[in-house]
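The data block below is target03.cif; it holds mmCIF, C-alpha atoms.
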data_structure
#
loop_
_atom_site.label_atom_id
_atom_site.label_comp_id
_atom_site.auth_asym_id
_atom_site.auth_seq_id
_atom_site.Cartn_x
_atom_site.Cartn_y
_atom_site.Cartn_z
CA MET F 8 0.00 0.00 0.00
CA SER F 9 2.97 2.30 -0.22
CA ASP F 10 2.19 3.55 -3.73
CA PRO F 11 -0.20 6.46 -3.37
CA GLU F 12 -1.87 5.70 -6.70
CA LYS F 13 -2.56 2.15 -5.57
CA ALA F 14 -3.72 3.58 -2.31
CA GLY F 15 -6.12 5.83 -4.14
CA ALA F 16 -7.57 2.90 -6.03
CA PHE F 17 -7.82 0.96 -2.76
CA CYS F 18 -9.90 3.77 -1.34
CA VAL F 19 -12.67 3.92 -3.84
CA SER F 20 -12.67 1.29 -6.54
CA THR F 21 -14.05 -2.24 -6.33
CA GLY F 22 -13.56 -2.99 -10.00
CA LEU F 23 -17.25 -3.96 -10.31
CA PRO F 24 -19.41 -1.02 -11.41
CA GLU F 25 -22.70 -2.44 -10.10
CA LEU F 26 -21.17 -2.99 -6.67
CA GLU F 27 -19.83 0.54 -6.70
CA TYR F 28 -23.41 1.84 -6.79
CA PHE F 29 -24.05 -0.05 -3.57
CA SER F 30 -20.92 1.41 -2.02
CA VAL F 31 -21.91 4.92 -3.15
CA ALA F 32 -25.40 4.43 -1.67
CA ILE F 33 -23.92 3.47 1.70
CA GLN F 34 -21.55 6.41 1.51
CA TYR F 35 -24.39 8.86 0.90
CA GLY F 36 -26.31 7.25 3.76
CA VAL F 37 -23.33 7.97 5.99
CA TYR F 38 -23.20 11.63 4.87
CA LEU F 39 -26.91 12.07 5.55
CA LEU F 40 -26.66 10.45 8.95
CA GLU F 41 -23.62 12.57 9.88
CA ALA F 42 -25.46 15.75 8.93
CA GLY F 43 -28.67 14.54 10.62
CA LEU F 44 -26.90 13.69 13.86
CA LEU F 45 -25.12 17.05 13.92
CA LEU F 46 -28.43 18.81 13.36
CA PHE F 47 -30.12 16.67 16.00
CA MET F 48 -27.46 17.55 18.55
CA ALA F 49 -27.69 21.24 17.72
CA VAL F 50 -31.51 21.34 17.84
CA ARG F 51 -31.82 19.24 21.00
CA ARG F 52 -29.01 21.25 22.66
CA ARG F 53 -26.80 18.24 23.17
CA ALA F 54 -23.82 19.87 21.45
CA GLY F 55 -22.64 21.67 24.59
CA ARG F 56 -22.76 18.62 26.82
CA LEU F 57 -21.22 16.38 24.17
CA MET F 58 -18.80 18.84 22.60
CA PRO F 59 -16.09 16.23 21.74
CA VAL F 60 -18.67 14.07 19.92
CA PHE F 61 -20.06 17.14 18.15
CA LEU F 62 -16.58 18.24 17.04
CA TYR F 63 -15.65 14.76 15.85
CA LEU F 64 -18.87 14.51 13.85
CA GLY F 65 -18.21 17.96 12.40
CA LEU F 66 -14.70 16.85 11.41
CA LEU F 67 -16.07 13.63 9.91
CA LEU F 68 -18.62 15.52 7.84
CA ALA F 69 -16.13 18.18 6.75
CA VAL F 70 -13.55 15.59 5.69
CA ASP F 71 -15.67 12.70 4.53
CA GLY F 72 -18.72 14.51 3.22
CA ILE F 73 -17.32 17.73 1.79
CA SER F 74 -13.57 17.91 1.16
CA ARG F 75 -12.98 14.35 -0.11
CA PRO F 76 -15.80 14.41 -2.68
CA TYR F 77 -14.53 17.82 -3.82
CA VAL F 78 -10.96 16.57 -4.32
CA LEU F 79 -12.32 13.41 -5.98
CA TYR F 80 -14.44 15.50 -8.35
CA ARG F 81 -11.57 17.81 -9.14
CA TYR F 82 -8.71 15.33 -9.62
CA GLY F 83 -10.34 11.90 -10.18
CA TYR F 84 -9.89 8.80 -8.05
CA SER F 85 -6.79 7.46 -9.75
CA SER F 86 -4.93 10.74 -9.26
CA ARG F 87 -1.95 11.09 -6.95
CA GLN F 88 -3.50 14.21 -5.40
CA PHE F 89 -6.59 12.32 -4.27
CA ALA F 90 -4.53 9.45 -2.88
CA TYR F 91 -2.37 11.83 -0.85
CA PHE F 92 -5.38 13.76 0.33
CA TYR F 93 -7.28 10.59 1.26
CA TRP F 94 -4.51 9.12 3.41
CA LEU F 95 -3.62 12.44 4.98
CA THR F 96 -7.22 13.11 6.01
CA ASP F 97 -7.60 9.50 7.16
CA ALA F 98 -4.66 9.97 9.51
CA PHE F 99 -6.26 13.21 10.65
CA LEU F 100 -9.55 11.40 11.37
CA ALA F 101 -7.72 8.64 13.25
CA LEU F 102 -6.07 11.34 15.35
CA GLY F 103 -9.48 12.90 15.99
CA ALA F 104 -10.85 9.50 17.03
CA PHE F 105 -7.94 9.04 19.43
CA LEU F 106 -8.70 12.42 21.04
CA LEU F 107 -12.37 11.47 21.27
CA VAL F 108 -11.49 8.26 23.11
CA CYS F 109 -9.40 10.42 25.49
CA ALA F 110 -12.47 12.62 26.05
CA PHE F 111 -14.55 9.50 26.80
CA PHE F 112 -11.93 8.43 29.34
CA ARG F 113 -12.19 11.89 30.90
CA ARG F 114 -15.97 11.59 31.15
CA ALA F 115 -15.82 8.06 32.59
CA CYS F 116 -13.32 9.18 35.26
CA ARG F 117 -14.91 12.50 36.16
CA HIS F 118 -15.56 11.29 39.70
CA GLU F 119 -12.26 9.44 39.96
CA GLN F 120 -9.61 12.16 39.84
CA LYS F 121 -6.74 9.95 40.97
CA MET F 122 -7.54 7.43 38.29
CA TRP F 123 -7.83 10.16 35.67
CA ARG F 124 -4.34 11.49 36.50
CA PHE F 125 -2.92 8.02 35.91
CA ILE F 126 -4.92 7.48 32.73
CA ARG F 127 -3.88 10.87 31.37
CA LEU F 128 -0.25 9.84 31.71
CA LEU F 129 -1.01 6.47 30.13
CA LEU F 130 -2.79 8.07 27.16
CA THR F 131 0.10 10.49 26.58
CA PHE F 132 2.55 7.57 26.75
CA VAL F 133 0.50 5.44 24.35
CA PHE F 134 0.15 8.29 21.88
CA THR F 135 3.87 9.07 21.98
CA LEU F 136 4.72 5.39 21.59
CA THR F 137 2.40 5.03 18.60
CA LEU F 138 3.88 8.14 17.03
CA LEU F 139 7.45 6.90 17.60
CA ILE F 140 6.70 3.47 16.13
CA SER F 141 5.10 5.10 13.12
CA VAL F 142 8.02 7.47 12.63
CA PHE F 143 10.44 4.56 13.00
CA SER F 144 8.57 2.68 10.30
CA ILE F 145 9.30 5.50 7.85
CA SER F 146 12.97 4.62 7.90
CA SER F 147 12.14 1.42 6.02
CA HIS F 148 10.03 3.31 3.48
CA TYR F 149 12.18 6.38 3.12
CA ASP F 150 11.66 6.68 -0.62
CA ASP F 151 7.87 6.90 -0.20
CA PHE F 152 7.62 9.19 2.76
CA LEU F 153 4.07 10.52 2.76
CA GLY F 154 2.16 7.42 1.61
CA ALA F 155 4.02 4.97 3.85
CA PHE F 156 3.92 7.23 6.86
CA ASN F 157 0.21 7.88 6.59
CA VAL F 158 -0.76 4.24 6.09
CA GLU F 159 1.49 3.05 8.91
CA PHE F 160 0.51 5.86 11.25
CA GLN F 161 -3.24 5.49 10.84
CA GLN F 162 -3.11 1.70 11.09
CA ASN F 163 -1.21 1.91 14.35
CA LEU F 164 -3.46 4.63 15.64
CA TYR F 165 -6.70 2.80 14.73
CA PHE F 166 -5.61 -0.40 16.44
CA THR F 167 -4.37 1.56 19.46
CA CYS F 168 -7.74 3.30 19.61
CA LEU F 169 -9.50 -0.06 19.49
CA VAL F 170 -7.42 -1.40 22.38
CA LEU F 171 -7.89 1.82 24.37
CA ASN F 172 -11.60 1.80 23.66
CA THR F 173 -11.85 -1.76 24.95
CA MET F 174 -9.85 -0.78 28.05
CA LEU F 175 -12.33 2.04 28.60
CA TYR F 176 -15.26 -0.36 28.24
CA ILE F 177 -13.72 -2.75 30.78
CA LEU F 178 -12.95 0.16 33.12
CA MET F 179 -16.58 1.29 32.96
CA GLN F 180 -17.74 -2.20 33.86
CA GLN F 181 -15.25 -2.28 36.75
CA ILE F 182 -16.34 1.03 38.25
CA ARG F 183 -19.98 0.09 37.60
CA SER F 184 -20.65 3.16 35.54
CA TRP F 185 -24.31 4.21 35.38
CA ASP F 186 -23.70 6.23 32.24
CA ASP F 187 -25.61 4.23 29.60
CA GLU F 188 -25.17 6.97 27.03
CA LEU F 189 -21.37 6.83 27.35
CA THR F 190 -21.39 3.03 27.17
CA LEU F 191 -23.26 3.15 23.88
CA LEU F 192 -21.00 5.88 22.54
CA VAL F 193 -17.99 3.70 23.42
CA CYS F 194 -19.61 0.65 21.77
CA GLY F 195 -20.20 2.72 18.64
CA MET F 196 -16.54 3.72 18.55
CA GLY F 197 -15.57 0.07 19.03
CA ILE F 198 -17.58 -0.95 15.97
CA GLN F 199 -15.99 1.87 13.99
CA PHE F 200 -12.43 0.86 14.92
CA ALA F 201 -12.75 -2.93 14.83
CA GLY F 202 -13.95 -3.29 11.23
CA PRO F 203 -11.21 -1.29 9.48
CA ALA F 204 -8.50 -2.66 11.82
CA ALA F 205 -9.48 -6.24 10.89
CA ASN F 206 -9.63 -5.29 7.23
CA PHE F 207 -6.17 -3.69 7.24
CA ALA F 208 -4.79 -6.83 8.84
CA LEU F 209 -6.49 -8.96 6.18
CA VAL F 210 -4.97 -6.79 3.45
CA HIS F 211 -1.53 -7.31 5.01
CA LEU F 212 -2.00 -11.05 5.36
CA THR F 213 -3.17 -11.47 1.78
CA SER F 214 -0.46 -9.13 0.48
CA GLY F 215 -3.01 -6.66 -0.85
CA GLN F 216 -5.21 -9.13 -2.77
CA ASP F 217 -8.05 -7.48 -4.65
CA TYR F 218 -10.87 -9.04 -2.63
CA ALA F 219 -9.36 -7.89 0.67
CA SER F 220 -8.84 -4.37 -0.68
CA SER F 221 -12.33 -4.27 -2.18
CA LEU F 222 -13.82 -5.28 1.14
CA TYR F 223 -12.56 -2.01 2.60
CA VAL F 224 -14.81 -0.06 0.21
CA TYR F 225 -17.86 -1.55 1.97
CA LEU F 226 -16.54 -2.21 5.41
CA ALA F 227 -15.32 1.32 6.18
CA PRO F 228 -18.64 3.10 5.43
CA LEU F 229 -20.66 0.22 6.93
CA THR F 230 -18.82 0.40 10.24
CA THR F 231 -19.17 4.21 10.21
CA LEU F 232 -22.89 3.70 9.58
CA GLY F 233 -23.00 1.26 12.52
CA MET F 234 -21.26 3.78 14.75
CA LEU F 235 -23.56 6.63 13.72
CA LEU F 236 -26.71 4.54 14.26
CA THR F 237 -25.49 3.47 17.70
CA TRP F 238 -24.73 7.08 18.59
CA PHE F 239 -28.09 8.18 17.31
CA TYR F 240 -29.76 5.58 19.51
CA ALA F 241 -27.60 6.65 22.47
CA LEU F 242 -28.54 10.31 22.05
CA ALA F 243 -32.18 9.93 21.11
CA ARG F 244 -33.42 6.96 23.12
CA VAL F 245 -31.28 6.42 26.20
CA PRO F 246 -32.88 8.12 29.21
CA GLN F 247 -30.73 10.68 30.94
CA PRO F 248 -30.22 10.55 34.70
CA SER F 249 -31.25 13.83 36.26
CA ALA F 250 -28.79 15.49 38.61
CA ILE F 251 -30.16 16.94 41.83
CA ARG F 252 -28.45 18.75 44.66
CA THR F 253 -29.30 18.05 48.28
CA GLY F 254 -28.66 20.38 51.20
CA GLN F 255 -25.16 19.14 52.04
CA ALA F 256 -23.63 17.59 48.99
CA PRO F 257 -24.58 16.91 45.38
CA VAL F 258 -26.00 13.47 44.71
CA ARG F 259 -23.68 11.85 42.23
CA VAL F 260 -25.54 8.84 40.98
CA LEU F 261 -29.21 8.64 40.27
CA ALA F 262 -31.04 5.80 38.61
CA PRO F 263 -32.06 6.76 35.10
CA ALA F 264 -35.71 7.13 34.27
CA VAL F 265 -37.13 3.82 33.17
CA SER F 266 -40.07 4.40 30.93
CA ARG F 267 -39.58 5.25 27.29
CA GLU F 268 -42.02 5.33 24.47
CA VAL F 269 -41.62 2.89 21.61
CA MET C 1488 2.68 -11.92 9.74
CA PHE C 1489 2.08 -12.91 13.35
CA LEU C 1490 1.14 -9.34 14.31
CA ALA C 1491 -1.27 -9.01 11.38
CA SER C 1492 -2.92 -12.33 12.30
CA LEU C 1493 -3.23 -11.18 15.89
CA VAL C 1494 -4.78 -7.86 14.84
CA LEU C 1495 -7.20 -9.69 12.52
CA VAL C 1496 -8.36 -12.13 15.18
CA VAL C 1497 -8.58 -9.56 17.99
CA SER C 1498 -10.34 -6.94 15.85
CA THR C 1499 -12.88 -9.42 14.47
CA ALA C 1500 -13.62 -10.73 17.95
CA LEU C 1501 -13.99 -7.20 19.29
CA PHE C 1502 -16.28 -6.25 16.44
CA PHE C 1503 -18.72 -8.99 17.44
CA PHE C 1504 -18.22 -8.19 21.10
CA TYR C 1505 -19.25 -4.55 20.57
CA PHE C 1506 -22.17 -5.62 18.39
CA GLN C 1507 -23.37 -7.85 21.20
CA ALA C 1508 -22.77 -5.11 23.79
CA VAL C 1509 -24.99 -2.70 21.83
CA CYS C 1510 -27.76 -5.31 21.58
CA GLN C 1511 -27.51 -6.11 25.29
CA ARG C 1512 -27.81 -2.40 26.09
CA ILE C 1513 -30.96 -2.16 24.01
CA LEU C 1514 -32.37 -5.25 25.72
CA ARG C 1515 -31.71 -3.69 29.13
CA ARG C 1516 -34.31 -1.03 28.44
CA LYS C 1517 -36.90 -1.09 31.19
CA PHE C 1518 -40.63 -0.91 30.50
CA ASP C 1519 -43.00 0.73 32.94
CA GLN C 1520 -44.85 -2.58 33.35
CA GLU C 1521 -44.51 -6.18 32.20
CA TYR C 1522 -46.40 -5.90 28.93
CA PHE C 1523 -45.09 -9.19 27.64
CA GLN C 1524 -47.32 -11.30 29.88
CA ALA C 1525 -50.52 -10.36 28.02
CA ILE C 1526 -48.89 -11.08 24.66
CA VAL C 1527 -47.58 -14.43 25.89
CA ASN C 1528 -51.01 -15.44 27.18
CA ALA C 1529 -52.88 -14.29 24.09
CA ASN C 1530 -50.56 -16.11 21.71
CA ARG C 1531 -49.68 -19.09 23.89
CA LEU C 1532 -45.98 -18.41 23.58
CA GLU C 1533 -43.67 -20.77 25.40
CA PHE C 1534 -40.39 -18.90 25.80
CA PRO C 1535 -41.10 -17.79 29.41
CA VAL C 1536 -41.50 -21.45 30.41
CA ILE C 1537 -38.18 -22.33 28.80
CA ARG C 1538 -36.45 -19.44 30.56
CA LYS C 1539 -37.98 -20.34 33.91
CA THR C 1540 -36.92 -23.95 33.54
CA LEU C 1541 -33.35 -22.94 32.75
CA GLU C 1542 -33.07 -20.27 35.45
CA GLU C 1543 -34.72 -22.14 38.29
CA TYR C 1544 -33.95 -25.79 37.69
CA GLU C 1545 -30.94 -25.59 35.37
CA ALA C 1546 -32.29 -28.74 33.81
CA PRO C 1547 -30.75 -30.10 30.60
CA VAL C 1548 -32.67 -28.94 27.56
CA ASP C 1549 -34.51 -30.96 24.96
CA TYR C 1550 -32.64 -29.32 22.09
CA PRO C 1551 -34.97 -30.06 19.11
CA ARG C 1552 -38.08 -29.04 21.06
CA VAL C 1553 -36.49 -25.84 22.42
CA CYS C 1554 -35.26 -24.87 18.96
CA MET C 1555 -38.68 -25.41 17.45
CA THR C 1556 -40.40 -23.48 20.26
CA LEU C 1557 -38.03 -20.53 20.02
CA LYS C 1558 -38.36 -20.43 16.25
CA CYS C 1559 -42.18 -20.49 16.41
CA ASP C 1560 -42.27 -17.77 19.07
CA TYR C 1561 -39.84 -15.70 17.04
CA LEU C 1562 -41.99 -15.99 13.91
CA ALA C 1563 -45.16 -15.09 15.81
CA LEU C 1564 -43.57 -12.12 17.54
CA THR C 1565 -41.87 -10.70 14.44
CA TYR C 1566 -45.20 -10.94 12.60
CA LEU C 1567 -46.89 -9.06 15.44
CA LEU C 1568 -44.09 -6.51 15.59
CA LYS C 1569 -44.75 -5.68 11.98
CA ASN C 1570 -48.52 -5.82 12.00
CA ALA C 1571 -49.93 -5.26 15.47
CA ALA C 1572 -50.76 -1.61 16.12
CA ASN C 1573 -47.96 -0.60 13.76
CA VAL C 1574 -49.13 2.10 11.36
CA ASN C 1575 -45.97 1.94 9.23
CA GLN C 1576 -46.14 -1.86 8.91
CA ARG C 1577 -42.36 -2.11 9.13
CA TYR C 1578 -39.72 -2.80 11.75
CA SER C 1579 -37.87 0.00 13.45
CA ARG C 1580 -34.03 0.10 13.19
CA GLU C 1581 -33.77 -1.11 16.76
CA GLU C 1582 -35.99 -4.10 15.97
CA LEU C 1583 -34.04 -4.87 12.81
CA LEU C 1584 -30.82 -4.91 14.80
CA LEU C 1585 -32.34 -7.26 17.38
CA ILE C 1586 -33.69 -9.53 14.65
CA LEU C 1587 -30.15 -9.75 13.29
CA TYR C 1588 -28.88 -10.42 16.80
CA PHE C 1589 -31.48 -13.15 17.33
CA LYS C 1590 -30.39 -14.86 14.11
CA ALA C 1591 -26.72 -14.63 15.08
CA VAL C 1592 -27.37 -16.08 18.56
CA PHE C 1593 -29.56 -18.80 17.06
CA PHE C 1594 -26.71 -19.71 14.74
CA SER C 1595 -24.37 -19.82 17.75
CA LEU C 1596 -26.88 -22.10 19.52
CA VAL C 1597 -26.76 -24.55 16.62
CA ALA C 1598 -22.95 -24.34 16.60
CA ARG C 1599 -22.80 -24.91 20.37
CA HIS C 1600 -25.03 -27.96 20.00
CA TRP C 1601 -22.83 -29.49 17.32
CA LEU C 1602 -19.66 -28.69 19.29
CA ARG C 1603 -21.27 -30.14 22.46
CA LEU C 1604 -20.84 -26.91 24.41
CA ARG C 1605 -23.31 -25.51 26.96
CA GLU C 1606 -26.42 -24.27 25.18
CA ASN C 1607 -28.14 -22.58 28.11
CA PRO C 1608 -26.49 -19.11 27.83
CA ALA C 1609 -27.49 -18.84 24.17
CA ILE C 1610 -31.06 -19.96 24.91
CA LEU C 1611 -31.37 -17.37 27.70
CA LYS C 1612 -30.18 -14.65 25.33
CA LEU C 1613 -32.78 -15.74 22.78
CA THR C 1614 -35.57 -15.64 25.35
CA ALA C 1615 -34.43 -12.15 26.42
CA VAL C 1616 -34.82 -10.93 22.83
CA LEU C 1617 -38.26 -12.54 22.56
CA GLN C 1618 -39.33 -10.98 25.83
CA PHE C 1619 -38.21 -7.57 24.56
CA PHE C 1620 -40.23 -8.03 21.37
CA ALA C 1621 -43.28 -9.08 23.39
CA ASN C 1622 -42.87 -6.04 25.64
CA VAL C 1623 -42.67 -3.70 22.64
CA ILE C 1624 -45.82 -5.21 21.11
CA GLY C 1625 -47.62 -5.11 24.45
CA GLN C 1626 -46.71 -1.48 24.98
CA ARG C 1627 -47.87 -0.55 21.49
CA VAL C 1628 -51.16 -2.37 21.88
CA ASN C 1629 -51.63 -0.77 25.26
CA LEU C 1630 -51.21 2.70 23.79
CA VAL C 1631 -54.05 2.37 21.32
CA ARG C 1632 -57.67 1.56 21.88
CA PHE C 1633 -59.58 -0.84 19.66
CA GLY C 1634 -63.19 -0.10 20.51
CA ASN C 1635 -64.28 -2.45 23.26
CA LEU C 1636 -61.54 -4.96 22.59
CA SER C 1637 -58.88 -5.69 25.18
CA ALA C 1638 -55.24 -6.15 24.11
CA SER C 1639 -55.61 -9.94 24.14
CA ASP C 1640 -58.88 -9.83 22.17
CA TYR C 1641 -57.30 -7.55 19.59
CA LEU C 1642 -54.35 -9.88 19.12
CA LEU C 1643 -56.59 -12.91 18.80
CA ASN C 1644 -58.52 -11.13 16.04
CA LEU C 1645 -55.43 -10.31 13.99
#

Written form, structure tokens:
Amino acid sequence: MSDPEKAGAFCVSTGLPELEYFSVAIQYGVYLLEAGLLLFMAVRRRAGRLMPVFLYLGLLLAVDGISRPYVLYRYGYSSRQFAYFYWLTDAFLALGAFLLVCAFFRRACRHEQKMWRFIRLLLTFVFTLTLLISVFSISSHYDDFLGAFNVEFQQNLYFTCLVLNTMLYILMQQIRSWDDELTLLVCGMGIQFAGPAANFALVHLTSGQDYASSLYVYLAPLTTLGMLLTWFYALARVPQPSAIRTGQAPVRVLAPAVSREV
Amino acid sequence: MFLASLVLVVSTALFFFYFQAVCQRILRRKFDQEYFQAIVNANRLEFPVIRKTLEEYEAPVDYPRVCMTLKCDYLALTYLLKNAANVNQRYSREELLLILYFKAVFFSLVARHWLRLRENPAILKLTAVLQFFANVIGQRVNLVRFGNLSASDYLLNL
């Protein structure tokens, strides 16, 4: 995957025109859902409380829904410009996802300050380690700096995010978190990370065989769709616990409301 | 090669794990009353009996009979989900996801049976999905009035 032109083809082409319609349909579904979820958060005033999610969705829409189609339209999908742009923005999105997982950790540990201090250090260490490993990998692909770096960097970052996300899920089970909304947001992220990570590994194992590469065309938008639907459910349907303050001290944990309409 | 294999196995496993976690979260939704009982009585569904047997007595299951019962209850409930007090006559996204989950767990039940592993956890998961479906139908039916008909009468007339 070091050749950017190959990388460009890997991003968008299945080789089968009729299947490409299906892939395009999923992609447009993702754009609509991204825009819909952003609008929903803005209208229902969830954007303030869930600012990291709102920003990540905004980034996703700006990159995936606006800038990539523009570059694709302008240069064509077999162009070097599109390949560079695709991988660069993919690395950018992976970085955004990593920061979002950090924000989820922050939210999960908001009542556990000691734990948060430790986790903050851990996250910084993991990020630095991932960056160092990615930079080290460039030395073996020195002649193809940008393409190799981006592919290597985002792969490492996506898998790291998946592991961190799973750690967060386990942590939430350990501290018996009552935050159902956060649990579903974390599950959504897990779906988003796991699919592409498995697909990248399959591409490596099959030495970039066509079927493994083509799978990415469906898997990436499908997992994004899965994540967005899970988030939509988390924001629209999961009842929110109401915070109250007693005379002496604020009550931290309240059972969420139970009844919801179908 | 080893690392790529590891990433492939771990990521695939985690993908299914998160899928199951989402479904379990949906199934944990509480209803303001046990609507499923009326639906079970009206349609003579048997999944609550299976669940009770497994939970209370931990008795070994009669696999072919349990499979048949669960399948019949599933067909009845999915029909009702689509047609009973449902103006749109289609499943919601949440129901579609749980239908997919039911099929996946049912497949795992068959696999467990052939591999001679414990089938009870899979059966309990299936009954949980069926109970959720019955609760959704019961709640819907409860929300609308059908002249002088009670919820059970309405369902019997479908």

For this session: Write out as a PyMOL selection string every residue belonging to chain C that has an atom at most 6 Å from any atom of chain F, counting all atoms listed in the file.
Result: chain C and resi 1491+1495+1498-1499+1502+1505+1517-1519

For this session: Please provide as a count of residues only all residues within 7 Å of segment 1557-1564 of chain C, with the sequence filter that same-chain residues fewer than 3 positions apart are discarded (counting all atoms listed in the file).
Result: 9

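Minimum atom-to-atom distance to Arg1512 of chain C, evaluated using all atoms listed in the file, belongs to C:Ala1615 out of C:Leu1583, C:Ala1609, C:Ala1546, C:Ala1615.
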
For this session: Quick one: apply the PyMOL selection byres ((chain C and resi 1571) around 9) to the file and drop the selected residues here as an MDAnalysis selection string.
Result: chainID C and resid 1566:1570 1572:1574 1576 1624 1627:1628 1641:1642 1645

For this session: Record the distance separating atom CA of Ala115 of chain F and atom CA of Arg53 of chain F, expressed in Å with one decimal.
Result: 17.7 Å

For this session: Would you work out the distance separating atom CA of Leu1585 of chain C from atom CA of Gln1618 of chain C, expressed in Å to one decimal?
Result: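 A separation of 11.6 Å between them.
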
Problem set entry | Atom-to-atom span, atom CA of Leu40 of chain F and atom CA of Ala69 of chain F, Å | 13.2 Å

Would you give the centre and edge lengths, in Å to one decimal, of a box along x, y and z around the listed atoms of segment 1561-1578 of chain C, with 8 Å added to each side, as lines of an AutoDock Vina configuration file?
center_x = -45.2
center_y = -6.9
center_z = 13.2
size_x = 27.0
size_y = 34.1
size_z = 24.6

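If you measure from each of F:Ile126, F:Ile177, F:Cys116, F:Leu102 to Asn163 of chain F using all atoms listed in the file, the closest one turns out to be F:Leu102.
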
Exercise. Evaluating the PyMOL selection byres ((chain F and resi 42) around 12) on the displayed file yields which residues, as an MDAnalysis selection string?
Worked result: chainID F and resid 35:41 43:49 61 64:69 71:73 235 239
